[in-house]
>>> print(open('run.cif').read())   # mmCIF, N, CA and C atoms
data_model
#
loop_
_atom_site.label_atom_id
_atom_site.label_comp_id
_atom_site.auth_asym_id
_atom_site.auth_seq_id
_atom_site.Cartn_x
_atom_site.Cartn_y
_atom_site.Cartn_z
N TYR A 15 0.83 -1.19 0.00
CA TYR A 15 0.00 0.00 0.00
C TYR A 15 0.88 1.25 0.00
N LYS A 16 1.88 1.28 0.90
CA LYS A 16 2.75 2.44 0.97
C LYS A 16 3.51 2.64 -0.33
N LEU A 17 3.96 1.54 -0.94
CA LEU A 17 4.69 1.63 -2.20
C LEU A 17 3.80 2.23 -3.29
N LEU A 18 2.58 1.76 -3.40
CA LEU A 18 1.68 2.28 -4.44
C LEU A 18 1.32 3.73 -4.18
N THR A 19 1.14 4.08 -2.92
CA THR A 19 0.85 5.48 -2.58
C THR A 19 2.02 6.35 -2.98
N TYR A 20 3.23 5.88 -2.69
CA TYR A 20 4.42 6.64 -3.03
C TYR A 20 4.60 6.77 -4.54
N VAL A 21 4.35 5.69 -5.27
CA VAL A 21 4.47 5.72 -6.73
C VAL A 21 3.52 6.76 -7.31
N ASN A 22 2.34 6.84 -6.75
CA ASN A 22 1.32 7.75 -7.28
C ASN A 22 1.50 9.19 -6.81
N SER A 23 2.37 9.42 -5.83
CA SER A 23 2.52 10.77 -5.30
C SER A 23 3.34 11.64 -6.25
N GLY A 24 2.77 12.72 -6.63
CA GLY A 24 3.50 13.68 -7.43
C GLY A 24 3.58 13.39 -8.93
N TYR A 25 3.08 12.28 -9.37
CA TYR A 25 3.16 11.94 -10.79
C TYR A 25 1.81 11.47 -11.29
N THR A 26 1.48 11.83 -12.50
CA THR A 26 0.26 11.35 -13.13
C THR A 26 0.63 10.14 -13.97
N LEU A 27 0.08 9.01 -13.62
CA LEU A 27 0.39 7.78 -14.34
C LEU A 27 -0.51 7.64 -15.55
N THR A 28 0.06 7.17 -16.65
CA THR A 28 -0.73 6.96 -17.85
C THR A 28 -1.37 5.57 -17.84
N THR A 29 -0.76 4.64 -17.11
CA THR A 29 -1.33 3.31 -16.97
C THR A 29 -1.38 2.95 -15.49
N LYS A 30 -2.28 2.06 -15.14
CA LYS A 30 -2.39 1.64 -13.75
C LYS A 30 -1.30 0.63 -13.42
N ILE A 31 -0.76 0.76 -12.22
CA ILE A 31 0.25 -0.18 -11.74
C ILE A 31 -0.47 -1.49 -11.41
N LYS A 32 0.01 -2.59 -12.02
CA LYS A 32 -0.66 -3.88 -11.85
C LYS A 32 0.13 -4.87 -11.00
N SER A 33 1.39 -4.55 -10.69
CA SER A 33 2.18 -5.50 -9.91
C SER A 33 3.25 -4.76 -9.12
N PHE A 34 3.77 -5.44 -8.14
CA PHE A 34 4.84 -4.92 -7.32
C PHE A 34 6.07 -4.65 -8.19
N ARG A 35 6.38 -5.57 -9.07
CA ARG A 35 7.52 -5.44 -9.97
C ARG A 35 7.37 -4.20 -10.86
N GLN A 36 6.19 -3.98 -11.37
CA GLN A 36 5.95 -2.82 -12.23
C GLN A 36 6.15 -1.53 -11.43
N ALA A 37 5.71 -1.52 -10.19
CA ALA A 37 5.88 -0.34 -9.34
C ALA A 37 7.37 -0.07 -9.11
N LEU A 38 8.14 -1.12 -8.86
CA LEU A 38 9.57 -0.95 -8.64
C LEU A 38 10.28 -0.43 -9.88
N ILE A 39 9.91 -0.95 -11.03
CA ILE A 39 10.51 -0.50 -12.29
C ILE A 39 10.13 0.95 -12.55
N TYR A 40 8.89 1.28 -12.31
CA TYR A 40 8.43 2.65 -12.52
C TYR A 40 9.18 3.65 -11.64
N LEU A 41 9.42 3.25 -10.39
CA LEU A 41 10.10 4.13 -9.46
C LEU A 41 11.53 4.44 -9.90
N GLY A 42 12.25 3.43 -10.32
CA GLY A 42 13.66 3.62 -10.63
C GLY A 42 14.48 3.54 -9.36
N GLU A 43 15.77 3.42 -9.54
CA GLU A 43 16.66 3.18 -8.40
C GLU A 43 16.65 4.31 -7.37
N GLU A 44 16.73 5.54 -7.81
CA GLU A 44 16.83 6.67 -6.87
C GLU A 44 15.56 6.83 -6.04
N ARG A 45 14.41 6.81 -6.68
CA ARG A 45 13.15 6.96 -5.93
C ARG A 45 12.90 5.74 -5.05
N LEU A 46 13.36 4.55 -5.48
CA LEU A 46 13.21 3.36 -4.65
C LEU A 46 14.05 3.48 -3.38
N ARG A 47 15.27 3.98 -3.51
CA ARG A 47 16.12 4.19 -2.34
C ARG A 47 15.46 5.18 -1.38
N ARG A 48 14.91 6.25 -1.92
CA ARG A 48 14.24 7.25 -1.09
C ARG A 48 13.05 6.62 -0.37
N PHE A 49 12.27 5.83 -1.09
CA PHE A 49 11.11 5.17 -0.49
C PHE A 49 11.54 4.24 0.65
N ILE A 50 12.57 3.46 0.43
CA ILE A 50 13.04 2.53 1.46
C ILE A 50 13.52 3.31 2.68
N SER A 51 14.22 4.41 2.46
CA SER A 51 14.67 5.25 3.58
C SER A 51 13.48 5.77 4.38
N LEU A 52 12.46 6.22 3.69
CA LEU A 52 11.28 6.74 4.37
C LEU A 52 10.57 5.67 5.17
N VAL A 53 10.41 4.50 4.60
CA VAL A 53 9.74 3.40 5.31
C VAL A 53 10.58 2.99 6.52
N ALA A 54 11.89 2.91 6.34
CA ALA A 54 12.77 2.51 7.43
C ALA A 54 12.71 3.51 8.58
N ILE A 55 12.76 4.78 8.28
CA ILE A 55 12.77 5.80 9.33
C ILE A 55 11.43 5.85 10.06
N THR A 56 10.35 5.60 9.37
CA THR A 56 9.04 5.66 10.03
C THR A 56 8.71 4.40 10.82
N SER A 57 9.53 3.36 10.67
CA SER A 57 9.25 2.14 11.43
C SER A 57 10.23 1.94 12.57
N VAL A 58 11.05 2.93 12.87
CA VAL A 58 12.06 2.81 13.91
C VAL A 58 11.42 2.66 15.29
N GLN A 59 10.61 3.60 15.69
CA GLN A 59 9.95 3.57 17.00
C GLN A 59 8.51 4.01 16.83
N GLU A 60 7.61 3.20 17.31
CA GLU A 60 6.20 3.55 17.17
C GLU A 60 5.71 4.50 18.25
N ASP A 61 6.47 4.64 19.34
CA ASP A 61 6.02 5.50 20.43
C ASP A 61 6.48 6.95 20.29
N LYS A 62 7.09 7.27 19.18
CA LYS A 62 7.57 8.63 18.94
C LYS A 62 6.48 9.44 18.22
N PRO A 63 6.46 10.75 18.44
CA PRO A 63 5.44 11.58 17.80
C PRO A 63 5.62 11.62 16.28
N ASP A 64 4.51 11.65 15.58
CA ASP A 64 4.53 11.70 14.12
C ASP A 64 5.27 12.93 13.61
N SER A 65 5.24 14.00 14.39
CA SER A 65 5.90 15.23 13.96
C SER A 65 7.41 15.04 13.81
N LEU A 66 7.99 14.14 14.59
CA LEU A 66 9.43 13.87 14.49
C LEU A 66 9.75 13.19 13.16
N TYR A 67 8.91 12.26 12.74
CA TYR A 67 9.09 11.60 11.45
C TYR A 67 8.88 12.60 10.31
N SER A 68 7.86 13.40 10.47
CA SER A 68 7.56 14.41 9.45
C SER A 68 8.73 15.38 9.29
N LEU A 69 9.31 15.80 10.41
CA LEU A 69 10.45 16.70 10.36
C LEU A 69 11.64 16.05 9.66
N ALA A 70 11.89 14.78 9.94
CA ALA A 70 13.00 14.07 9.30
C ALA A 70 12.80 14.01 7.79
N ILE A 71 11.60 13.75 7.37
CA ILE A 71 11.30 13.65 5.94
C ILE A 71 11.41 15.02 5.27
N GLN A 72 10.88 16.05 5.91
CA GLN A 72 10.97 17.41 5.35
C GLN A 72 12.42 17.87 5.27
N ARG A 73 13.16 17.59 6.31
CA ARG A 73 14.58 17.98 6.35
C ARG A 73 15.35 17.26 5.24
N ALA A 74 15.07 15.99 5.07
CA ALA A 74 15.77 15.21 4.04
C ALA A 74 15.45 15.73 2.64
N ARG A 75 14.21 16.01 2.40
CA ARG A 75 13.82 16.50 1.07
C ARG A 75 14.44 17.87 0.79
N MET A 76 14.45 18.74 1.81
CA MET A 76 15.02 20.07 1.61
C MET A 76 16.51 19.97 1.30
N CYS A 77 17.23 19.16 2.06
CA CYS A 77 18.67 18.99 1.81
C CYS A 77 18.91 18.42 0.42
N GLU A 78 18.09 17.46 0.03
CA GLU A 78 18.22 16.85 -1.29
C GLU A 78 18.01 17.90 -2.39
N LEU A 79 16.97 18.70 -2.26
CA LEU A 79 16.67 19.71 -3.27
C LEU A 79 17.75 20.79 -3.33
N LEU A 80 18.21 21.22 -2.17
CA LEU A 80 19.24 22.25 -2.14
C LEU A 80 20.54 21.75 -2.77
N LEU A 81 20.93 20.52 -2.43
CA LEU A 81 22.17 20.00 -2.98
C LEU A 81 22.08 19.80 -4.49
N SER A 82 20.90 19.47 -4.97
CA SER A 82 20.75 19.27 -6.42
C SER A 82 20.97 20.57 -7.20
N GLN A 83 20.87 21.72 -6.51
CA GLN A 83 21.10 23.01 -7.15
C GLN A 83 22.54 23.49 -6.99
N MET A 84 23.33 22.75 -6.25
CA MET A 84 24.72 23.13 -5.99
C MET A 84 25.66 22.38 -6.93
N ASN A 85 26.82 22.96 -7.14
CA ASN A 85 27.84 22.34 -7.98
C ASN A 85 28.85 21.65 -7.06
N THR A 86 28.55 20.40 -6.66
CA THR A 86 29.43 19.65 -5.77
C THR A 86 29.63 18.25 -6.31
N ARG A 87 30.53 17.53 -5.69
CA ARG A 87 30.77 16.14 -6.08
C ARG A 87 29.76 15.19 -5.42
N TYR A 88 28.94 15.73 -4.57
CA TYR A 88 27.99 14.90 -3.83
C TYR A 88 26.71 14.66 -4.63
N ASP A 89 26.14 13.51 -4.38
CA ASP A 89 24.87 13.14 -4.98
C ASP A 89 23.76 13.64 -4.06
N PRO A 90 22.65 14.14 -4.62
CA PRO A 90 21.55 14.58 -3.75
C PRO A 90 21.05 13.49 -2.79
N GLY A 91 21.22 12.24 -3.18
CA GLY A 91 20.84 11.14 -2.30
C GLY A 91 21.64 11.12 -1.01
N GLN A 92 22.89 11.60 -1.07
CA GLN A 92 23.72 11.68 0.13
C GLN A 92 23.18 12.74 1.08
N ALA A 93 22.72 13.84 0.53
CA ALA A 93 22.13 14.90 1.36
C ALA A 93 20.84 14.40 2.00
N PHE A 94 20.05 13.67 1.23
CA PHE A 94 18.80 13.09 1.74
C PHE A 94 19.11 12.16 2.92
N LEU A 95 20.08 11.27 2.73
CA LEU A 95 20.43 10.31 3.77
C LEU A 95 20.99 11.01 5.01
N THR A 96 21.82 11.99 4.81
CA THR A 96 22.38 12.75 5.93
C THR A 96 21.26 13.36 6.77
N ALA A 97 20.33 14.01 6.12
CA ALA A 97 19.26 14.68 6.83
C ALA A 97 18.29 13.70 7.49
N ILE A 98 17.99 12.60 6.82
CA ILE A 98 17.05 11.64 7.40
C ILE A 98 17.68 10.99 8.63
N PHE A 99 19.01 10.81 8.61
CA PHE A 99 19.71 10.24 9.76
C PHE A 99 19.88 11.25 10.89
N SER A 100 19.73 12.53 10.60
CA SER A 100 20.01 13.56 11.60
C SER A 100 19.12 13.47 12.83
N LEU A 101 17.99 12.83 12.72
CA LEU A 101 17.09 12.70 13.86
C LEU A 101 17.06 11.29 14.45
N LEU A 102 17.95 10.42 13.99
CA LEU A 102 17.99 9.05 14.50
C LEU A 102 18.26 8.99 16.00
N GLY A 103 19.11 9.88 16.49
CA GLY A 103 19.39 9.90 17.93
C GLY A 103 18.12 10.11 18.74
N SER A 104 17.31 11.05 18.30
CA SER A 104 16.04 11.33 18.99
C SER A 104 15.07 10.16 18.85
N LEU A 105 15.05 9.56 17.68
CA LEU A 105 14.13 8.45 17.45
C LEU A 105 14.52 7.20 18.25
N LEU A 106 15.81 7.01 18.47
CA LEU A 106 16.29 5.82 19.18
C LEU A 106 16.65 6.08 20.63
N ASP A 107 16.50 7.33 21.09
CA ASP A 107 16.85 7.72 22.45
C ASP A 107 18.30 7.38 22.79
N GLN A 108 19.19 7.67 21.85
CA GLN A 108 20.62 7.46 22.02
C GLN A 108 21.35 8.65 21.42
N PRO A 109 22.58 8.89 21.86
CA PRO A 109 23.35 9.94 21.21
C PRO A 109 23.57 9.60 19.74
N LEU A 110 23.39 10.57 18.87
CA LEU A 110 23.52 10.34 17.44
C LEU A 110 24.90 9.78 17.08
N SER A 111 25.93 10.27 17.76
CA SER A 111 27.29 9.78 17.46
C SER A 111 27.41 8.28 17.71
N ASP A 112 26.74 7.77 18.76
CA ASP A 112 26.77 6.33 19.04
C ASP A 112 26.03 5.55 17.97
N VAL A 113 24.89 6.06 17.54
CA VAL A 113 24.08 5.39 16.53
C VAL A 113 24.84 5.31 15.21
N ILE A 114 25.43 6.43 14.81
CA ILE A 114 26.12 6.51 13.53
C ILE A 114 27.39 5.68 13.52
N GLU A 115 28.11 5.66 14.63
CA GLU A 115 29.37 4.92 14.69
C GLU A 115 29.17 3.44 14.41
N GLU A 116 28.04 2.89 14.80
CA GLU A 116 27.76 1.46 14.64
C GLU A 116 27.35 1.09 13.21
N LYS A 117 27.02 2.08 12.40
CA LYS A 117 26.47 1.81 11.07
C LYS A 117 27.52 2.00 9.98
N PRO A 118 27.41 1.22 8.91
CA PRO A 118 28.34 1.40 7.78
C PRO A 118 27.89 2.57 6.90
N VAL A 119 28.17 3.76 7.38
CA VAL A 119 27.75 4.98 6.69
C VAL A 119 29.00 5.68 6.16
N ASP A 120 28.87 6.31 5.02
CA ASP A 120 29.95 7.06 4.40
C ASP A 120 30.56 8.04 5.41
N GLU A 121 31.89 8.17 5.37
CA GLU A 121 32.59 9.04 6.32
C GLU A 121 32.18 10.50 6.22
N ASP A 122 31.90 10.99 5.01
CA ASP A 122 31.44 12.37 4.85
C ASP A 122 30.11 12.59 5.53
N ILE A 123 29.24 11.60 5.48
CA ILE A 123 27.93 11.69 6.14
C ILE A 123 28.12 11.65 7.65
N LYS A 124 28.99 10.76 8.14
CA LYS A 124 29.26 10.71 9.58
C LYS A 124 29.81 12.04 10.08
N LEU A 125 30.74 12.62 9.35
CA LEU A 125 31.33 13.91 9.71
C LEU A 125 30.26 15.00 9.76
N ALA A 126 29.38 14.98 8.77
CA ALA A 126 28.29 15.97 8.73
C ALA A 126 27.37 15.81 9.93
N LEU A 127 27.06 14.59 10.28
CA LEU A 127 26.12 14.34 11.38
C LEU A 127 26.73 14.62 12.75
N THR A 128 27.99 14.29 12.92
CA THR A 128 28.59 14.41 14.25
C THR A 128 29.19 15.78 14.52
N SER A 129 29.72 16.45 13.49
CA SER A 129 30.37 17.74 13.74
C SER A 129 29.94 18.86 12.79
N ARG A 130 28.96 18.56 11.93
CA ARG A 130 28.41 19.54 10.98
C ARG A 130 29.50 20.14 10.09
N LYS A 131 30.47 19.32 9.72
CA LYS A 131 31.56 19.78 8.86
C LYS A 131 31.38 19.27 7.45
N GLY A 132 32.04 19.93 6.51
CA GLY A 132 31.97 19.55 5.12
C GLY A 132 30.72 20.13 4.47
N VAL A 133 30.60 19.90 3.19
CA VAL A 133 29.45 20.41 2.43
C VAL A 133 28.14 19.89 3.00
N LEU A 134 28.10 18.59 3.29
CA LEU A 134 26.86 18.00 3.82
C LEU A 134 26.54 18.54 5.21
N GLY A 135 27.55 18.74 6.02
CA GLY A 135 27.34 19.29 7.36
C GLY A 135 26.83 20.71 7.33
N HIS A 136 27.42 21.51 6.44
CA HIS A 136 26.96 22.91 6.31
C HIS A 136 25.53 22.97 5.76
N LEU A 137 25.24 22.10 4.83
CA LEU A 137 23.89 22.04 4.26
C LEU A 137 22.88 21.65 5.34
N LEU A 138 23.23 20.66 6.15
CA LEU A 138 22.36 20.24 7.24
C LEU A 138 22.17 21.37 8.26
N SER A 139 23.25 22.04 8.60
CA SER A 139 23.16 23.18 9.55
C SER A 139 22.27 24.28 9.01
N MET A 140 22.41 24.57 7.73
CA MET A 140 21.60 25.60 7.11
C MET A 140 20.11 25.22 7.13
N THR A 141 19.84 23.96 6.85
CA THR A 141 18.45 23.48 6.86
C THR A 141 17.85 23.55 8.26
N ILE A 142 18.63 23.15 9.24
CA ILE A 142 18.16 23.20 10.63
C ILE A 142 17.93 24.65 11.07
N ALA A 143 18.82 25.55 10.67
CA ALA A 143 18.63 26.97 10.98
C ALA A 143 17.36 27.50 10.35
N TYR A 144 17.07 27.06 9.14
CA TYR A 144 15.85 27.49 8.47
C TYR A 144 14.60 26.98 9.19
N GLU A 145 14.67 25.77 9.70
CA GLU A 145 13.53 25.21 10.45
C GLU A 145 13.18 26.09 11.62
#
>>> encode(input="run.cif", output="structure tokens")
Amino acid sequence: YKLLTYVNSGYTLTTKIKSFRQALIYLGEERLRRFISLVAITSVQEDKPDSLYSLAIQRARMCELLLSQMNTRYDPGQAFLTAIFSLLGSLLDQPLSDVIEEKPVDEDIKLALTSRKGVLGHLLSMTIAYE
């Protein structure tokens, strides 16, 4: 259900999606990664307020859009992942540095999350300041 809702969000389909496989093909790799990130982040803790999940998603999308307008070596997907992870500490009730250290995450993303350094860190800081 979530996959089909996501496929239909923001796009007008010319044909109806008839299978899971068709939905995956229609999404493409980048949108599929984004969808999986969203599902994963929203299933972390059920006792957390919905506003925290909403903030993570909004923050991720803003960072992704901003980075796509910049001339950097980074992929907008990295900005999305950085921002979506930025609230993991709150979602898991642990220090973010502890959560990130245990995960196989790109070093630039870890640096951005733990010390707000680098292009991704500055982008995240700017997004948080805007919030």
>>> atom_distance(input="run.cif", atom1="CA of Ala143 (chain A)", atom2="atom C of Pro109 (chain A)")
20.1 Å
>>> atom_distance(input="run.cif", atom1="atom C of Arg47 (chain A)", atom2="atom N of Tyr67 (chain A)")
17.1 Å
>>> atom_distance(input="run.cif", atom1="atom N of Arg45 (chain A)", atom2="atom C of Pro90 (chain A)")
10.2 Å
>>> select_by_dssp(input="run.cif", residues="region 38-117 of chain A", states="helix (DSSP H, G or I)", output="ChimeraX atom specification")
/A:38-56,64-82,90-99,102-106,110-115
>>> resolve_selection(input="run.cif", expression="the PyMOL selection byres (((chain A and resi 73-87 and name CA) around 10) and name CA)", output="PyMOL selection string")
chain A and resi 48+52+67-72+88-101+133-134+137-142+144-145
>>> write_last_selection(input="run.cif", atoms="N, CA and C atoms", output="mmCIF file, keeping the file's coordinate frame")
data_model
loop_
_atom_site.group_PDB
_atom_site.id
_atom_site.type_symbol
_atom_site.label_atom_id
_atom_site.label_comp_id
_atom_site.auth_asym_id
_atom_site.auth_seq_id
_atom_site.Cartn_x
_atom_site.Cartn_y
_atom_site.Cartn_z
ATOM 1 N N ARG A 48 14.910 6.250 -1.920
ATOM 2 C CA ARG A 48 14.240 7.250 -1.090
ATOM 3 C C ARG A 48 13.050 6.620 -0.370
ATOM 4 N N LEU A 52 12.460 6.220 3.690
ATOM 5 C CA LEU A 52 11.280 6.740 4.370
ATOM 6 C C LEU A 52 10.570 5.670 5.170
ATOM 7 N N TYR A 67 8.910 12.260 12.740
ATOM 8 C CA TYR A 67 9.090 11.600 11.450
ATOM 9 C C TYR A 67 8.880 12.600 10.310
ATOM 10 N N SER A 68 7.860 13.400 10.470
ATOM 11 C CA SER A 68 7.560 14.410 9.450
ATOM 12 C C SER A 68 8.730 15.380 9.290
ATOM 13 N N LEU A 69 9.310 15.800 10.410
ATOM 14 C CA LEU A 69 10.450 16.700 10.360
ATOM 15 C C LEU A 69 11.640 16.050 9.660
ATOM 16 N N ALA A 70 11.890 14.780 9.940
ATOM 17 C CA ALA A 70 13.000 14.070 9.300
ATOM 18 C C ALA A 70 12.800 14.010 7.790
ATOM 19 N N ILE A 71 11.600 13.750 7.370
ATOM 20 C CA ILE A 71 11.300 13.650 5.940
ATOM 21 C C ILE A 71 11.410 15.020 5.270
ATOM 22 N N GLN A 72 10.880 16.050 5.910
ATOM 23 C CA GLN A 72 10.970 17.410 5.350
ATOM 24 C C GLN A 72 12.420 17.870 5.270
ATOM 25 N N TYR A 88 28.940 15.730 -4.570
ATOM 26 C CA TYR A 88 27.990 14.900 -3.830
ATOM 27 C C TYR A 88 26.710 14.660 -4.630
ATOM 28 N N ASP A 89 26.140 13.510 -4.380
ATOM 29 C CA ASP A 89 24.870 13.140 -4.980
ATOM 30 C C ASP A 89 23.760 13.640 -4.060
ATOM 31 N N PRO A 90 22.650 14.140 -4.620
ATOM 32 C CA PRO A 90 21.550 14.580 -3.750
ATOM 33 C C PRO A 90 21.050 13.490 -2.790
ATOM 34 N N GLY A 91 21.220 12.240 -3.180
ATOM 35 C CA GLY A 91 20.840 11.140 -2.300
ATOM 36 C C GLY A 91 21.640 11.120 -1.010
ATOM 37 N N GLN A 92 22.890 11.600 -1.070
ATOM 38 C CA GLN A 92 23.720 11.680 0.130
ATOM 39 C C GLN A 92 23.180 12.740 1.080
ATOM 40 N N ALA A 93 22.720 13.840 0.530
ATOM 41 C CA ALA A 93 22.130 14.900 1.360
ATOM 42 C C ALA A 93 20.840 14.400 2.000
ATOM 43 N N PHE A 94 20.050 13.670 1.230
ATOM 44 C CA PHE A 94 18.800 13.090 1.740
ATOM 45 C C PHE A 94 19.110 12.160 2.920
ATOM 46 N N LEU A 95 20.080 11.270 2.730
ATOM 47 C CA LEU A 95 20.430 10.310 3.770
ATOM 48 C C LEU A 95 20.990 11.010 5.010
ATOM 49 N N THR A 96 21.820 11.990 4.810
ATOM 50 C CA THR A 96 22.380 12.750 5.930
ATOM 51 C C THR A 96 21.260 13.360 6.770
ATOM 52 N N ALA A 97 20.330 14.010 6.120
ATOM 53 C CA ALA A 97 19.260 14.680 6.830
ATOM 54 C C ALA A 97 18.290 13.700 7.490
ATOM 55 N N ILE A 98 17.990 12.600 6.820
ATOM 56 C CA ILE A 98 17.050 11.640 7.400
ATOM 57 C C ILE A 98 17.680 10.990 8.630
ATOM 58 N N PHE A 99 19.010 10.810 8.610
ATOM 59 C CA PHE A 99 19.710 10.240 9.760
ATOM 60 C C PHE A 99 19.880 11.250 10.890
ATOM 61 N N SER A 100 19.730 12.530 10.600
ATOM 62 C CA SER A 100 20.010 13.560 11.600
ATOM 63 C C SER A 100 19.120 13.470 12.830
ATOM 64 N N LEU A 101 17.990 12.830 12.720
ATOM 65 C CA LEU A 101 17.090 12.700 13.860
ATOM 66 C C LEU A 101 17.060 11.290 14.450
ATOM 67 N N VAL A 133 30.600 19.900 3.190
ATOM 68 C CA VAL A 133 29.450 20.410 2.430
ATOM 69 C C VAL A 133 28.140 19.890 3.000
ATOM 70 N N LEU A 134 28.100 18.590 3.290
ATOM 71 C CA LEU A 134 26.860 18.000 3.820
ATOM 72 C C LEU A 134 26.540 18.540 5.210
ATOM 73 N N LEU A 137 25.240 22.100 4.830
ATOM 74 C CA LEU A 137 23.890 22.040 4.260
ATOM 75 C C LEU A 137 22.880 21.650 5.340
ATOM 76 N N LEU A 138 23.230 20.660 6.150
ATOM 77 C CA LEU A 138 22.360 20.240 7.240
ATOM 78 C C LEU A 138 22.170 21.370 8.260
ATOM 79 N N SER A 139 23.250 22.040 8.600
ATOM 80 C CA SER A 139 23.160 23.180 9.550
ATOM 81 C C SER A 139 22.270 24.280 9.010
ATOM 82 N N MET A 140 22.410 24.570 7.730
ATOM 83 C CA MET A 140 21.600 25.600 7.110
ATOM 84 C C MET A 140 20.110 25.220 7.130
ATOM 85 N N THR A 141 19.840 23.960 6.850
ATOM 86 C CA THR A 141 18.450 23.480 6.860
ATOM 87 C C THR A 141 17.850 23.550 8.260
ATOM 88 N N ILE A 142 18.630 23.150 9.240
ATOM 89 C CA ILE A 142 18.160 23.200 10.630
ATOM 90 C C ILE A 142 17.930 24.650 11.070
ATOM 91 N N TYR A 144 17.070 27.060 9.140
ATOM 92 C CA TYR A 144 15.850 27.490 8.470
ATOM 93 C C TYR A 144 14.600 26.980 9.190
ATOM 94 N N GLU A 145 14.670 25.770 9.700
ATOM 95 C CA GLU A 145 13.530 25.210 10.450
ATOM 96 C C GLU A 145 13.180 26.090 11.620
#
>>> build_atoms(input="run.cif", residues="region 77-82 of chain A", atoms="all heavy atoms", output="short mmCIF file (atom, residue, chain, number, x, y, z; two decimals), in the frame of the given file")
data_model
loop_
_atom_site.label_atom_id
_atom_site.label_comp_id
_atom_site.auth_asym_id
_atom_site.auth_seq_id
_atom_site.Cartn_x
_atom_site.Cartn_y
_atom_site.Cartn_z
N CYS A 77 17.23 19.16 2.06
CA CYS A 77 18.67 18.99 1.81
C CYS A 77 18.91 18.42 0.42
O CYS A 77 19.82 18.85 -0.29
CB CYS A 77 19.29 18.10 2.88
SG CYS A 77 19.55 18.92 4.46
N GLU A 78 18.09 17.46 0.03
CA GLU A 78 18.22 16.85 -1.29
C GLU A 78 18.01 17.90 -2.39
O GLU A 78 18.79 17.98 -3.34
CB GLU A 78 17.20 15.73 -1.42
CG GLU A 78 17.19 15.04 -2.76
CD GLU A 78 16.10 14.00 -2.86
OE1 GLU A 78 14.95 14.28 -2.44
OE2 GLU A 78 16.40 12.91 -3.35
N LEU A 79 16.97 18.70 -2.26
CA LEU A 79 16.67 19.71 -3.27
C LEU A 79 17.75 20.79 -3.33
O LEU A 79 18.15 21.22 -4.41
CB LEU A 79 15.30 20.35 -3.00
CG LEU A 79 14.09 19.46 -3.26
CD1 LEU A 79 12.83 20.14 -2.76
CD2 LEU A 79 13.99 19.11 -4.72
N LEU A 80 18.21 21.22 -2.17
CA LEU A 80 19.24 22.25 -2.14
C LEU A 80 20.54 21.75 -2.77
O LEU A 80 21.17 22.44 -3.56
CB LEU A 80 19.50 22.72 -0.71
CG LEU A 80 18.41 23.58 -0.09
CD1 LEU A 80 18.71 23.82 1.39
CD2 LEU A 80 18.26 24.89 -0.82
N LEU A 81 20.93 20.52 -2.43
CA LEU A 81 22.17 20.00 -2.98
C LEU A 81 22.08 19.80 -4.49
O LEU A 81 23.07 19.99 -5.20
CB LEU A 81 22.58 18.69 -2.31
CG LEU A 81 23.99 18.24 -2.68
CD1 LEU A 81 25.02 19.08 -1.96
CD2 LEU A 81 24.19 16.78 -2.38
N SER A 82 20.90 19.47 -4.97
CA SER A 82 20.75 19.27 -6.42
C SER A 82 20.97 20.57 -7.20
O SER A 82 21.26 20.54 -8.39
CB SER A 82 19.37 18.68 -6.75
OG SER A 82 18.36 19.64 -6.53
#
